[in-house]
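Asker: Pasting a structure here, questions to come.
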Amino acid sequence: MKFDLKNKLSELKRKFTFKNLKNTFTGEEQKKHLKQGSYSSIMTVIVIAVVIVVNLVFGQLPSSITQIDVSDQKLYTLSKEGKKAVKDLSDKVTLYYYVKSGSEDDNISKLLKNFKEASSNIKVKTIDPDLHPTFATKYTSDNVSSGSVIVVNGNKSKVLSQSTLYQSEVNYQTMSQQTTGFDGEGQIVSALNYVTNDDMPVLYTLTGHEETELGSNLKDSIEKANMEIKSLNLLTSENVPEDTDILLIAAPQKDLSKEEADKVIAYLENGGKVFIFSSVNENELTNFESILRNYGLQRDKGLIIEGDNQHYIPKHPDYLIPDLSGSSDITSDLSGNTYVLTPDAQAIKKLDNYRDTLTITSLISTTERAYIKNITDEGKISAEKDDGDETGKFDVGVSVTENVGDEKEANLVYFSAVNMLSDDVDHMVNGGNTSVISSVLTSMSNVDKSSVVSIPSKSLSVSNLNITAYSASFWSIITMGVIPVLFLLAGFIIWMKRRKQ
Amino acid sequence: MRAIYRRELKSYLTSMIGYVFMAFILGVVGLYFGAINIGSAWPRIGDTLSNATFVFLIAVPILTMRVIAEERKQKTDQLLLTAPIKIGEIITGKYFALLTIFLVPLFVISLYPLILKKFGTVSMGMSYTSILGFLLLGCAEMAVGVFLSSVTENQVIAAVLSFAILFLSYVSEGIAGLFPQTAKASLAAFILLIFLVCLWIGSMIKNVIITGTITLLAEVTLIISYIVKPSLLEGLIQKFFGIFNFTSHFDNFINGVLDINGIVYFLSVVIICLFLANQTMQKRRWS
């Protein structure tokens, strides 16, 4: 059949005559449909609308009411410290969640929502990098990856990438990265602190004498405490810069020049804070030691070996686990389960006579059964204790303070084991070294201690059950086999019975 | 309603189908429980349940396909429609019978955390929140099944439809990801969606003029809002698909959040589906 346009058109015309249109309202069948159908559709639309509104209303309620966290770790519920820190906020801060739509992290989204609800000064916005590709360039020149949180207050901002918010460790058995903790709350509170405070303490690290680099754990921890790390070359600068809050000297392998040592002492005499590490070293470090000597300290050339097997890493008696002093403010805050590992430490001794304005406090020390082994000319030592070895309780970390007038106080803290800075050593004591060093740094910086909020990262690991092979197979058989089969059997028997009837 | 409930429950308990349903759910959950919780000594039952949610995809359509479709096939629905009870009561009675059947395996599953507790520390709060989530998810999916069973008188079509819709809700997040985030994509999708909704309205009221006017009005409003404020439409299609995403609400329960919004959401799904089932049965009465 040929498609006849003319016929079709006239047919359509006939269909749409006034009479026909009128009929759609007056015809018997149509009337019924119109009445019942519109009633039904309107009812449906109303019911759906009401249900959606109810859902929206519940969605608007604060999540503290609607989302009850019954999990063990409470990953995204703010801790007491976090809530307090957020409440004290006086500036208007915006948290941008810079993430591709669909790949949001559940923990981060919920955490941000909780931050928003904890303070009216915090705004949270989600920005999609696909839609706003140049958004992050306002805040940093670095490449910002999707999943980052950008904390902004006026023109101060801090970018927290997803890898900073989650902690991961390398599993050496499988050689793969494993996520071990969620540090969202801690990092965001720290970033809030950073963007709302104008002056951040500056930590200078002395360079030019083959000093040891800071481990990445420690660096992260210092950055989380909002301290700025800068390096300092004392040869080229007139003196220690004025904005220095702490000067860190991490075990120079070559000696400082006389002028450099004098600049450090001059800085200390003006109420400076210096944090010194040293290591076992063949070179003569006369000028370096002159700084220590000026503050009544002297290091012993030998290596400390621990005699108490509860205080060293098995088979490594030079890897000491010394005691933390309870009498000093710096170490007394750390709880009893923080352990410090000081490999290859040297004994710190007080000079026989020093100025009586100096106060020397011991921070970390060995047990009574430790002894000092002197390094032989070939550079070897034996761990065996000989009769002539000096035995006793030795300090491996001390703090020296001196009142220098004008309400200023000089402070020198000296740890004799530079390996404390290394990540590997830190891992062996679950971050204990980093805690102690951070504690020293916060006590040295002039920041009001109460304003520094440090929220530890939350662990993601779950402790497994302890099931014996016998009970494992017993319960597996019960749940996988016996219970389902029982139900099937019951059904079968009833069905058979009914069939016979 | 009671009489309907009792009749339905009896029909499940005297035939194989109810027992097969219970055994199937318990079998799959038991399999994962044995592998994850017992085999790997994992203390959280939530991971077992979230792996086992696919049982609903298969078990729910098979259980619900006959609920209303069979009455229509056997023409017994004429009896029910003329009986002195409301259609709403028929549907809720049938639905509660289904729920009762579902509660039996759930009761068995809620003993499993107690087994695990013998072997170490198990968070009871988290375990039972997960089980509550599993219950709510099952309730919502069964309501979807009941609605789709009322749409057709062919049981197989009802089962296939339920499976398809439940499957779509499982993959709705993936589908949403296929669309670009832009306002243009949302505009295109919603133009189509409005047409579909209006097509349904048209089939209900069978009136060209009114349907046409509604369609025109809705489309024009959409296009005007696109021209005036395109940012309003950004990512809207993803949000729309999010409405149908059962899994995202269920995941909250698995992660140890007693989510009131989630409870409201699942109950809403149940209410809407049962209401729609009611409406389709009503429609048979007047057309």
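By order in the structure tokens, chains are A, B, ...; within a chain, residues start at 1; ligands start at 1, following the order shown.
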Within 12 Å of Lys408 in chain A, counting only C-alpha atoms, which residues qualify if same-chain residues fewer than 4 places away don't, as a short mmCIF file (atom, residue, chain, number, x, y, z; two decimals) with N, CA, C and O atoms, in the first residue's frame?
Answerer:
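Below is the file out.cif, written as the result:
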data_model
loop_
_atom_site.label_atom_id
_atom_site.label_comp_id
_atom_site.auth_asym_id
_atom_site.auth_seq_id
_atom_site.Cartn_x
_atom_site.Cartn_y
_atom_site.Cartn_z
N TYR A 267 72.47 33.30 70.10
CA TYR A 267 71.02 33.14 69.98
C TYR A 267 70.42 32.60 71.27
O TYR A 267 69.40 33.08 71.77
N LEU A 268 71.11 31.61 71.84
CA LEU A 268 70.62 31.02 73.09
C LEU A 268 70.65 32.04 74.21
O LEU A 268 69.71 32.13 75.02
N GLU A 269 71.71 32.84 74.24
CA GLU A 269 71.83 33.80 75.35
C GLU A 269 70.76 34.89 75.26
O GLU A 269 70.49 35.57 76.23
N ASN A 270 70.17 34.99 74.08
CA ASN A 270 69.08 35.95 73.91
C ASN A 270 67.71 35.29 74.12
O ASN A 270 66.70 35.79 73.67
N GLY A 271 67.71 34.14 74.77
CA GLY A 271 66.44 33.47 75.05
C GLY A 271 66.00 32.53 73.94
O GLY A 271 64.81 32.30 73.76
N GLY A 272 66.96 31.98 73.19
CA GLY A 272 66.61 31.11 72.08
C GLY A 272 66.34 29.67 72.52
O GLY A 272 66.58 29.30 73.66
N LYS A 273 65.77 28.92 71.61
CA LYS A 273 65.50 27.50 71.88
C LYS A 273 66.25 26.67 70.85
O LYS A 273 66.06 26.86 69.64
N THR A 401 67.74 24.65 80.94
CA THR A 401 67.10 25.96 80.84
C THR A 401 67.92 26.98 81.62
O THR A 401 68.61 26.64 82.59
N GLU A 402 67.85 28.22 81.15
CA GLU A 402 68.55 29.29 81.86
C GLU A 402 67.74 30.56 81.72
O GLU A 402 67.30 30.91 80.61
N ASN A 403 67.50 31.21 82.84
CA ASN A 403 66.78 32.47 82.81
C ASN A 403 67.73 33.56 82.36
O ASN A 403 68.77 33.78 82.96
N VAL A 404 67.39 34.25 81.25
CA VAL A 404 68.33 35.25 80.73
C VAL A 404 67.79 36.67 80.92
O VAL A 404 68.25 37.61 80.28
N ASN A 446 56.65 28.88 71.43
CA ASN A 446 55.98 29.75 72.39
C ASN A 446 54.47 29.71 72.29
O ASN A 446 53.78 30.48 72.90
#
Asker: Pull the closest atom pair for each residue of chain A that gets at most 7 Å from chain B, along with the distance in Å to one decimal, counting only C-alpha atoms, ordering rows by chain and then ascending residue number, as JSON lines.
Answerer:
{"residue": "A:Thr24", "atom": "CA", "partner": "B:Asn207", "partner_atom": "CA", "distance": 6.2}
{"residue": "A:Gln30", "atom": "CA", "partner": "B:Lys206", "partner_atom": "CA", "distance": 6.8}
{"residue": "A:His33", "atom": "CA", "partner": "B:Ile205", "partner_atom": "CA", "distance": 5.0}
{"residue": "A:Leu34", "atom": "CA", "partner": "B:Ile205", "partner_atom": "CA", "distance": 4.6}
{"residue": "A:Gly37", "atom": "CA", "partner": "B:Ile205", "partner_atom": "CA", "distance": 4.4}
{"residue": "A:Ser38", "atom": "CA", "partner": "B:Ile205", "partner_atom": "CA", "distance": 5.7}
{"residue": "A:Ser40", "atom": "CA", "partner": "B:Gln279", "partner_atom": "CA", "distance": 6.8}
{"residue": "A:Ser41", "atom": "CA", "partner": "B:Ile201", "partner_atom": "CA", "distance": 6.5}
{"residue": "A:Ile48", "atom": "CA", "partner": "B:Ile272", "partner_atom": "CA", "distance": 6.6}
{"residue": "A:Val51", "atom": "CA", "partner": "B:Ser268", "partner_atom": "CA", "distance": 6.1}
{"residue": "A:Asn55", "atom": "CA", "partner": "B:Tyr265", "partner_atom": "CA", "distance": 6.5}
{"residue": "A:Phe58", "atom": "CA", "partner": "B:Asn261", "partner_atom": "CA", "distance": 6.0}
{"residue": "A:Gly59", "atom": "CA", "partner": "B:Asn261", "partner_atom": "CA", "distance": 6.4}
{"residue": "A:Thr66", "atom": "CA", "partner": "B:Ile260", "partner_atom": "CA", "distance": 4.8}
{"residue": "A:Gln67", "atom": "CA", "partner": "B:Asp259", "partner_atom": "CA", "distance": 4.6}
{"residue": "A:Ile68", "atom": "CA", "partner": "B:Leu258", "partner_atom": "CA", "distance": 4.8}
{"residue": "A:Asp69", "atom": "CA", "partner": "B:Val257", "partner_atom": "CA", "distance": 4.6}
{"residue": "A:Val70", "atom": "CA", "partner": "B:Gly256", "partner_atom": "CA", "distance": 5.2}
{"residue": "A:Ser71", "atom": "CA", "partner": "B:Gly256", "partner_atom": "CA", "distance": 4.5}
{"residue": "A:Asp72", "atom": "CA", "partner": "B:Ser123", "partner_atom": "CA", "distance": 6.9}
{"residue": "A:Gly102", "atom": "CA", "partner": "B:Gly177", "partner_atom": "CA", "distance": 6.7}
{"residue": "A:Asn464", "atom": "CA", "partner": "B:Trp42", "partner_atom": "CA", "distance": 5.4}
{"residue": "A:Leu465", "atom": "CA", "partner": "B:Ala41", "partner_atom": "CA", "distance": 4.8}
{"residue": "A:Asn466", "atom": "CA", "partner": "B:Phe119", "partner_atom": "CA", "distance": 5.3}
{"residue": "A:Ile467", "atom": "CA", "partner": "B:Phe119", "partner_atom": "CA", "distance": 5.7}
{"residue": "A:Ala472", "atom": "CA", "partner": "B:Ile38", "partner_atom": "CA", "distance": 5.8}
{"residue": "A:Ser476", "atom": "CA", "partner": "B:Gly34", "partner_atom": "CA", "distance": 4.8}
{"residue": "A:Thr479", "atom": "CA", "partner": "B:Gly30", "partner_atom": "CA", "distance": 4.7}
{"residue": "A:Met480", "atom": "CA", "partner": "B:Gly30", "partner_atom": "CA", "distance": 4.5}
{"residue": "A:Pro484", "atom": "CA", "partner": "B:Ala23", "partner_atom": "CA", "distance": 4.4}
{"residue": "A:Val485", "atom": "CA", "partner": "B:Ala23", "partner_atom": "CA", "distance": 6.9}
{"residue": "A:Phe487", "atom": "CA", "partner": "B:Ala23", "partner_atom": "CA", "distance": 5.4}
{"residue": "A:Leu488", "atom": "CA", "partner": "B:Tyr19", "partner_atom": "CA", "distance": 5.8}
{"residue": "A:Gly491", "atom": "CA", "partner": "B:Met16", "partner_atom": "CA", "distance": 5.1}
{"residue": "A:Phe492", "atom": "CA", "partner": "B:Met16", "partner_atom": "CA", "distance": 6.4}
{"residue": "A:Ile494", "atom": "CA", "partner": "B:Thr14", "partner_atom": "CA", "distance": 6.3}
{"residue": "A:Trp495", "atom": "CA", "partner": "B:Ser15", "partner_atom": "CA", "distance": 5.7}
Asker: Residues near Lys230 in chain A, anyone? I mean within 10 Å using only C-alpha atoms, not counting same-chain ones fewer than 6 positions away, as a PDB file with N, CA and C atoms, in the first residue's frame.
Answerer:
ATOM      1  N   VAL A 202      58.171  28.906  63.582  1.00  0.00           N
ATOM      2  CA  VAL A 202      59.088  28.494  62.524  1.00  0.00           C
ATOM      3  C   VAL A 202      60.196  27.645  63.123  1.00  0.00           C
ATOM      4  N   LEU A 203      60.438  26.523  62.502  1.00  0.00           N
ATOM      5  CA  LEU A 203      61.524  25.634  62.931  1.00  0.00           C
ATOM      6  C   LEU A 203      62.619  25.706  61.878  1.00  0.00           C
ATOM      7  N   TYR A 204      63.813  26.189  62.295  1.00  0.00           N
ATOM      8  CA  TYR A 204      64.930  26.220  61.354  1.00  0.00           C
ATOM      9  C   TYR A 204      65.789  24.982  61.563  1.00  0.00           C
ATOM     10  N   THR A 205      66.194  24.348  60.466  1.00  0.00           N
ATOM     11  CA  THR A 205      67.139  23.239  60.610  1.00  0.00           C
ATOM     12  C   THR A 205      68.476  23.696  60.049  1.00  0.00           C
ATOM     13  N   LEU A 206      69.499  23.493  60.830  1.00  0.00           N
ATOM     14  CA  LEU A 206      70.835  23.927  60.426  1.00  0.00           C
ATOM     15  C   LEU A 206      71.340  23.031  59.292  1.00  0.00           C
ATOM     16  N   THR A 244      63.030  32.946  64.195  1.00  0.00           N
ATOM     17  CA  THR A 244      63.256  31.571  64.623  1.00  0.00           C
ATOM     18  C   THR A 244      62.530  31.278  65.931  1.00  0.00           C
ATOM     19  N   LEU A 247      65.627  26.219  66.803  1.00  0.00           N
ATOM     20  CA  LEU A 247      66.714  25.872  65.890  1.00  0.00           C
ATOM     21  C   LEU A 247      67.051  24.400  66.118  1.00  0.00           C
TER      22      LEU A 247
END
